[in-house]
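What follows is the content of upload_26.txt (compact mmCIF, C-alpha atoms).
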# COMPACT_ATOMS: atom_id res chain seq x y z
CA MET A 1 65.12 114.54 39.89
CA LYS A 2 62.40 112.45 38.27
CA ARG A 3 59.72 111.07 40.56
CA LEU A 4 56.83 108.96 39.34
CA ILE A 5 53.50 107.87 40.80
CA ILE A 6 51.89 105.03 38.88
CA ASN A 7 48.34 105.12 40.15
CA SER A 8 45.66 102.55 39.41
CA ASP A 9 42.11 103.81 39.47
CA ASP A 10 39.07 101.74 40.52
CA TYR A 11 40.26 99.75 43.54
CA GLY A 12 37.23 97.88 44.87
CA ARG A 13 35.32 97.95 41.57
CA THR A 14 35.34 94.13 41.67
CA PRO A 15 37.40 91.64 43.71
CA GLY A 16 39.23 90.66 40.51
CA ILE A 17 40.18 94.23 39.72
CA SER A 18 41.40 94.75 43.28
CA ARG A 19 43.45 91.55 43.08
CA GLY A 20 45.00 92.68 39.81
CA ILE A 21 45.96 96.04 41.28
CA ARG A 22 47.66 94.36 44.23
CA GLU A 23 49.53 92.09 41.84
CA ALA A 24 50.58 95.07 39.70
CA HIS A 25 52.09 96.56 42.85
CA LEU A 26 53.78 93.41 44.17
CA ARG A 27 55.15 92.17 40.85
CA GLY A 28 55.27 95.39 38.86
CA VAL A 29 55.54 99.16 39.05
CA VAL A 30 52.17 100.35 40.40
CA THR A 31 52.75 102.43 43.52
CA SER A 32 49.32 103.80 44.32
CA THR A 33 45.60 103.21 43.90
CA THR A 34 42.33 104.99 44.57
CA CYS A 35 39.36 103.29 46.21
CA MET A 36 35.70 103.40 45.15
CA MET A 37 34.04 103.58 48.53
CA ASN A 38 30.40 103.54 47.38
CA ILE A 39 30.91 99.86 46.46
CA PRO A 40 30.18 97.76 49.59
CA ALA A 41 32.93 95.19 48.96
CA THR A 42 35.68 97.81 48.79
CA ALA A 43 36.14 97.86 52.57
CA SER A 44 37.07 94.17 52.64
CA ASP A 45 39.42 94.68 49.68
CA ILE A 46 41.14 97.45 51.65
CA THR A 47 41.63 95.04 54.57
CA ILE A 48 43.35 92.61 52.19
CA ALA A 49 45.54 95.39 50.79
CA LEU A 50 46.67 96.46 54.24
CA LYS A 51 47.95 92.92 54.83
CA GLU A 52 49.26 91.98 51.38
CA THR A 53 50.47 95.35 50.06
CA PRO A 54 51.27 97.61 53.04
CA LYS A 55 53.43 99.93 50.89
CA LEU A 56 50.70 100.55 48.32
CA GLY A 57 49.49 104.13 48.55
CA MET A 58 45.70 104.37 48.81
CA GLY A 59 43.50 107.35 48.09
CA VAL A 60 39.80 107.89 47.40
CA HIS A 61 38.28 107.74 43.92
CA LEU A 62 35.41 110.18 44.43
CA VAL A 63 32.32 108.84 42.65
CA LEU A 64 29.38 110.65 41.07
CA THR A 65 28.79 108.54 37.96
CA MET A 66 28.45 104.88 39.00
CA GLY A 67 26.35 102.90 41.42
CA ARG A 68 24.56 104.41 44.40
CA PRO A 69 25.69 107.04 46.90
CA ILE A 70 26.61 106.16 50.45
CA LEU A 71 24.17 108.69 51.91
CA PRO A 72 20.38 108.22 51.62
CA ARG A 73 18.68 109.65 48.53
CA GLU A 74 17.06 112.51 50.43
CA ALA A 75 20.57 113.76 51.23
CA GLY A 76 21.46 113.94 47.54
CA SER A 77 18.33 114.34 45.43
CA SER A 78 20.05 116.60 42.89
CA ILE A 79 22.81 114.06 42.16
CA THR A 80 20.68 110.90 41.79
CA ASP A 81 17.94 109.64 39.50
CA GLU A 82 14.44 108.55 40.49
CA ASN A 83 15.80 105.16 41.59
CA GLY A 84 18.42 106.66 43.87
CA ASN A 85 21.34 105.83 41.57
CA PHE A 86 24.06 108.19 40.43
CA PHE A 87 23.51 109.45 36.91
CA LYS A 88 25.48 107.78 34.14
CA LEU A 89 28.27 109.89 32.68
CA ALA A 90 26.38 111.28 29.66
CA LYS A 91 23.33 112.20 31.75
CA LEU A 92 25.51 113.76 34.43
CA MET A 93 27.23 115.94 31.84
CA GLU A 94 23.85 117.24 30.72
CA GLY A 95 22.75 118.34 34.18
CA VAL A 96 25.94 118.87 36.17
CA SER A 97 25.42 122.64 36.34
CA ASP A 98 22.22 122.00 38.34
CA PHE A 99 23.90 119.89 41.01
CA ASN A 100 23.66 121.05 44.60
CA THR A 101 27.33 121.41 45.49
CA GLU A 102 26.67 120.94 49.20
CA GLU A 103 25.03 117.59 48.45
CA VAL A 104 28.09 116.58 46.45
CA LYS A 105 30.38 117.65 49.28
CA LYS A 106 28.43 115.68 51.89
CA GLU A 107 28.46 112.55 49.72
CA TRP A 108 32.15 112.83 48.90
CA ARG A 109 32.93 113.41 52.57
CA ALA A 110 30.96 110.26 53.40
CA GLN A 111 33.08 108.35 50.86
CA ILE A 112 36.27 109.67 52.45
CA GLU A 113 35.03 108.79 55.93
CA ALA A 114 34.20 105.28 54.73
CA PHE A 115 37.79 104.91 53.55
CA ILE A 116 39.16 106.12 56.89
CA LYS A 117 36.90 103.67 58.73
CA ALA A 118 38.07 100.79 56.54
CA SER A 119 41.78 101.63 56.50
CA GLY A 120 42.35 103.37 59.80
CA ARG A 121 44.15 106.25 58.10
CA LYS A 122 43.50 109.26 55.91
CA PRO A 123 43.74 108.88 52.13
CA THR A 124 46.99 109.73 50.39
CA HIS A 125 45.08 111.74 47.80
CA LEU A 126 41.78 112.42 46.10
CA ASP A 127 40.86 111.98 42.46
CA SER A 128 37.54 111.11 40.80
CA HIS A 129 35.81 108.49 38.69
CA HIS A 130 35.46 109.71 35.09
CA HIS A 131 37.30 112.87 36.30
CA SER A 132 33.96 114.25 37.49
CA SER A 133 35.60 116.52 40.07
CA TYR A 134 36.92 118.65 37.19
CA PHE A 135 33.64 119.06 35.31
CA THR A 136 32.82 122.45 36.84
CA PRO A 137 34.77 125.01 38.87
CA GLN A 138 32.39 124.34 41.77
CA LEU A 139 33.15 120.61 41.79
CA PHE A 140 36.88 121.27 41.54
CA ARG A 141 36.65 123.69 44.47
CA THR A 142 34.70 121.07 46.44
CA MET A 143 37.41 118.47 45.94
CA MET A 144 40.14 120.91 46.98
CA GLU A 145 38.19 121.94 50.07
CA LEU A 146 37.99 118.29 51.07
CA ALA A 147 41.67 117.73 50.31
CA GLN A 148 42.46 120.67 52.56
CA GLU A 149 40.11 119.37 55.27
CA TYR A 150 41.72 115.91 55.24
CA ASP A 151 45.25 117.17 54.57
CA CYS A 152 45.86 115.06 51.46
CA ALA A 153 47.06 115.57 47.91
CA ILE A 154 45.02 115.69 44.70
CA ARG A 155 45.53 114.51 41.15
CA PHE A 156 46.86 117.29 38.93
CA PRO A 157 43.86 118.94 37.22
CA PHE A 158 42.52 116.94 34.30
CA THR A 159 42.61 119.46 31.45
CA HIS A 160 41.70 117.42 28.36
CA ASP A 161 39.10 119.39 26.42
CA VAL A 162 36.10 117.06 26.51
CA SER A 163 33.23 119.41 27.29
CA SER A 164 32.14 123.00 27.57
CA GLU A 165 31.94 122.54 31.34
CA LEU A 166 35.58 121.49 31.43
CA GLU A 167 36.56 124.52 29.37
CA GLU A 168 35.02 126.67 32.09
CA THR A 169 36.95 124.78 34.76
CA ASN A 170 40.18 125.28 32.82
CA ARG A 171 39.70 129.03 32.98
CA HIS A 172 39.37 128.87 36.78
CA ILE A 173 42.15 126.37 37.49
CA PRO A 174 45.01 128.89 37.94
CA THR A 175 43.00 130.97 40.42
CA LEU A 176 41.77 127.95 42.37
CA LEU A 177 45.22 126.38 42.54
CA LYS A 178 46.65 129.65 43.81
CA GLU A 179 43.94 129.86 46.46
CA PHE A 180 44.31 126.29 47.80
CA ASN A 181 47.81 125.29 46.61
CA PRO A 182 47.12 121.58 47.15
CA ARG A 183 49.91 119.03 47.08
CA ARG A 184 49.87 117.52 43.60
CA PRO A 185 52.13 116.08 40.90
CA ASP A 186 53.50 118.45 38.28
CA VAL A 187 52.22 116.36 35.36
CA PHE A 188 49.28 114.01 34.83
CA ILE A 189 49.76 111.43 32.06
CA VAL A 190 46.66 109.75 30.58
CA ASP A 191 48.22 108.27 27.41
CA PHE A 192 48.57 104.73 28.85
CA TYR A 193 44.91 103.88 28.24
CA ASP A 194 42.89 101.70 25.87
CA GLU A 195 44.67 101.59 22.48
CA GLY A 196 47.54 103.52 24.08
CA ALA A 197 48.05 100.84 26.74
CA THR A 198 51.00 99.12 25.06
CA ASP A 199 54.54 98.23 26.07
CA GLU A 200 55.84 100.69 23.51
CA GLU A 201 53.74 103.58 24.79
CA LEU A 202 54.63 102.98 28.44
CA LEU A 203 58.33 102.70 27.60
CA ASN A 204 58.07 105.92 25.59
CA ILE A 205 56.48 107.70 28.55
CA ILE A 206 59.13 106.43 30.96
CA ASN A 207 62.04 107.19 28.64
CA ASN A 208 60.80 110.75 28.11
CA LEU A 209 59.55 111.52 31.61
CA PRO A 210 60.11 115.19 32.52
CA ASP A 211 61.90 116.36 35.63
CA GLY A 212 59.74 116.80 38.71
CA THR A 213 56.85 114.59 39.78
CA SER A 214 54.53 112.88 37.30
CA GLU A 215 51.53 110.61 37.66
CA ILE A 216 50.64 107.88 35.17
CA MET A 217 47.01 106.77 35.37
CA CYS A 218 46.37 103.06 34.77
CA HIS A 219 43.61 100.47 35.14
CA PRO A 220 45.02 96.94 35.66
CA GLY A 221 42.86 94.09 36.89
CA TYR A 222 41.32 90.69 36.32
CA VAL A 223 37.83 90.72 34.80
CA ASP A 224 35.04 88.18 34.68
CA ASP A 225 32.11 87.79 32.29
CA ALA A 226 29.81 89.87 34.48
CA PHE A 227 32.19 92.80 34.39
CA VAL A 228 32.60 92.48 30.61
CA GLN A 229 28.84 93.00 30.32
CA GLU A 230 28.93 95.96 32.71
CA SER A 231 31.86 98.02 31.42
CA VAL A 232 33.30 98.78 27.99
CA TYR A 233 36.77 99.03 29.53
CA ASN A 234 37.17 95.39 30.49
CA LYS A 235 39.69 93.04 28.85
CA GLN A 236 42.01 96.01 28.35
CA ARG A 237 42.63 95.83 32.10
CA GLU A 238 44.24 92.41 31.84
CA ARG A 239 46.48 93.71 29.06
CA GLU A 240 47.50 96.62 31.28
CA LEU A 241 48.28 94.20 34.11
CA LYS A 242 50.56 92.16 31.87
CA ILE A 243 52.44 95.28 30.74
CA LEU A 244 52.76 96.79 34.21
CA THR A 245 54.32 93.57 35.54
CA ASP A 246 56.71 93.15 32.58
CA PRO A 247 60.31 93.18 33.92
CA SER A 248 61.38 95.46 31.05
CA ILE A 249 59.18 98.24 32.44
CA LYS A 250 60.77 98.04 35.87
CA GLU A 251 64.21 98.02 34.22
CA ALA A 252 63.32 101.15 32.21
CA VAL A 253 62.32 102.93 35.41
CA ARG A 254 65.63 101.95 37.01
CA SER A 255 67.82 102.84 34.01
CA ASN A 256 66.21 106.28 33.74
CA GLY A 257 66.94 107.01 37.40
CA ILE A 258 63.25 107.43 38.21
CA ASN A 259 62.15 107.29 41.84
CA LEU A 260 58.80 105.51 42.23
CA ILE A 261 56.73 107.16 44.96
CA THR A 262 53.18 107.55 46.27
CA PHE A 263 51.10 110.68 46.79
CA ALA A 264 52.01 110.52 50.47
CA GLU A 265 55.56 111.54 49.57
CA LEU A 266 54.57 114.81 47.90
Any chance you could give the structure as structure tokens?
Amino acid sequence: MKRLIINSDDYGRTPGISRGIREAHLRGVVTSTTCMMNIPATASDITIALKETPKLGMGVHLVLTMGRPILPREAGSSITDENGNFFKLAKLMEGVSDFNTEEVKKEWRAQIEAFIKASGRKPTHLDSHHHSSYFTPQLFRTMMELAQEYDCAIRFPFTHDVSSELEETNRHIPTLLKEFNPRRPDVFIVDFYDEGATDEELLNIINNLPDGTSEIMCHPGYVDDAFVQESVYNKQRERELKILTDPSIKEAVRSNGINLITFAEL
């Protein structure tokens, strides 16, 4: 049996991105999303999703690399700069080994609790913005402890070799997975991204999907000029939205006998 989760990251990043994700679910093949709870407007976007897209799976996109934490700065001095903001990705990678893991856990728990308050239910799964929960074995353990605490699934470990810290995590993944055995897909597919976000690439993924459960990561959405100035991954989101709502993609899923699911069904 082939089961597929098509999960959109970054719900709540902007109202336009949230609207695009809902559209990609209603008109296309997106089954799941993960919410950025340190953004104040995300709670209202969740309220809209509960009404407009009740079958859309919703998890928590744990954040360490964008915006400000939910908790006050004194509760997370090792994970914020002098202005109380999370470190940008490059700066975080330089100092991630010095992070106080308990501060990370408290902040991530606060993000999960904010989701529960907004949605009235536990998240279907946990993953992380910029895959930060996989940067060190300690961060990966922290995410799995929280997944166990809240009885939810996780994204299959991100194992692309992008840093020495991630190499260390890769060595610990088998032991940590054996210890926690979290619910998770068998495969995590990141190829539908940026230059790889094309009709041809998505059809290739779907036509060659392995048996078991896979997750495709995606980033559909509508973007405005302000967001274009803020993020380098901007107009690509509208291209992804167009592809994910193309009827040929839904037909390829059907013809390959693929069952579209959410993390809740793991």
Next item on the list: Considering all atoms listed in the file, state which residue in the set A:His130, A:Lys117, A:Lys105, A:Arg183 is at the smallest distance from A:Glu145.
Entry: A:Lys105
Hey, could you pull the box centre and edge lengths for stretch 137-156 of chain A, axis-aligned, 5 Å padding per side, all listed atoms, to one decimal in Å, as JSON?
{"center_x": 39.7, "center_y": 119.8, "center_z": 47.1, "size_x": 24.7, "size_y": 20.5, "size_z": 26.4}
Check: Leaving out A:Ile216 and any residue of its chain fewer than 2 positions from it, which residues lie within 8 Å of it when counting all atoms listed in the file, given as a list of chain:residue names?
Finding: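 Residues near the query, excluding close chain neighbours: A:Leu4, A:Ile5, A:Ile6, A:Asn7, A:Phe188, A:Ile189, A:Val190, A:Phe192, A:Ser214, A:Cys218.
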Shell around A:Ser8 at 7 Å using only C-alpha atoms, local window under 4 positions removed, as a PDB file with C-alpha atoms, keeping the file's coordinate frame:
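The file below, result05.pdb, is the result:
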ATOM      1  CA  ILE A  21      45.960  96.040  41.280  1.00  0.00           C
ATOM      2  CA  VAL A  30      52.170 100.350  40.400  1.00  0.00           C
ATOM      3  CA  SER A  32      49.320 103.800  44.320  1.00  0.00           C
ATOM      4  CA  THR A  33      45.600 103.210  43.900  1.00  0.00           C
ATOM      5  CA  THR A  34      42.330 104.990  44.570  1.00  0.00           C
ATOM      6  CA  MET A 217      47.010 106.770  35.370  1.00  0.00           C
ATOM      7  CA  CYS A 218      46.370 103.060  34.770  1.00  0.00           C
ATOM      8  CA  HIS A 219      43.610 100.470  35.140  1.00  0.00           C
ATOM      9  CA  PRO A 220      45.020  96.940  35.660  1.00  0.00           C
TER      10      PRO A 220
END
Margin query: Could you check the closest approach to A:Arg121 for each of A:Asp10, A:Cys152, A:Ala226, A:Leu176 and tell me which residue wins, using only C-alpha atoms?
Written below: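 With only C-alpha atoms as the atom set, the closest residue is A:Cys152.
We find atom CA of A:Asp191 and atom CA of A:Asn259 to be spaced 20.1 Å apart.
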Next item on the list: Work out how far atom CA of A:Ile79 is from atom CA of A:Lys122, in Å to one decimal.
Entry: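 That distance, rounded to one decimal, is 25.3 Å.
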Margin query: Restricting the calculation to only C-alpha atoms: of A:Pro157, A:Pro15, A:Gly95, A:Gly221, which residue gets closest to A:Glu238?
Written below: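 Residue with the minimum atom-to-atom distance to A:Glu238: A:Gly221.
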Check: Can you tell me, as a PyMOL selection string, what residues are no more than 7 Å from A:Thr124 when counting only C-alpha atoms, ignoring any on the same chain fewer than 2 positions away?
Finding: chain A and resi 57-59+122+152-153+263-264
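Using only C-alpha atoms, the residues found no farther than 10 Å from A:Arg73, other than those of its own chain fewer than 4 positions away, are Arg68, Pro69, Ser77, Ser78, Ile79, Thr80, Asp81, Glu82, Asn83, Gly84, Asn85 and Phe86 of chain A.
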Notebook entry, point to check: Of the candidates A:Met144, A:Ile116, A:Leu89, A:Ala24, which one gets nearest to A:Val63 if we count all atoms listed in the file?
Noted result: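 Result for the nearest residue to A:Val63: A:Leu89.
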Margin query: To one decimal place in Å, what is the distance between atom CA of A:Leu71 and atom CA of A:Asp151?
Written below: 22.9 Å
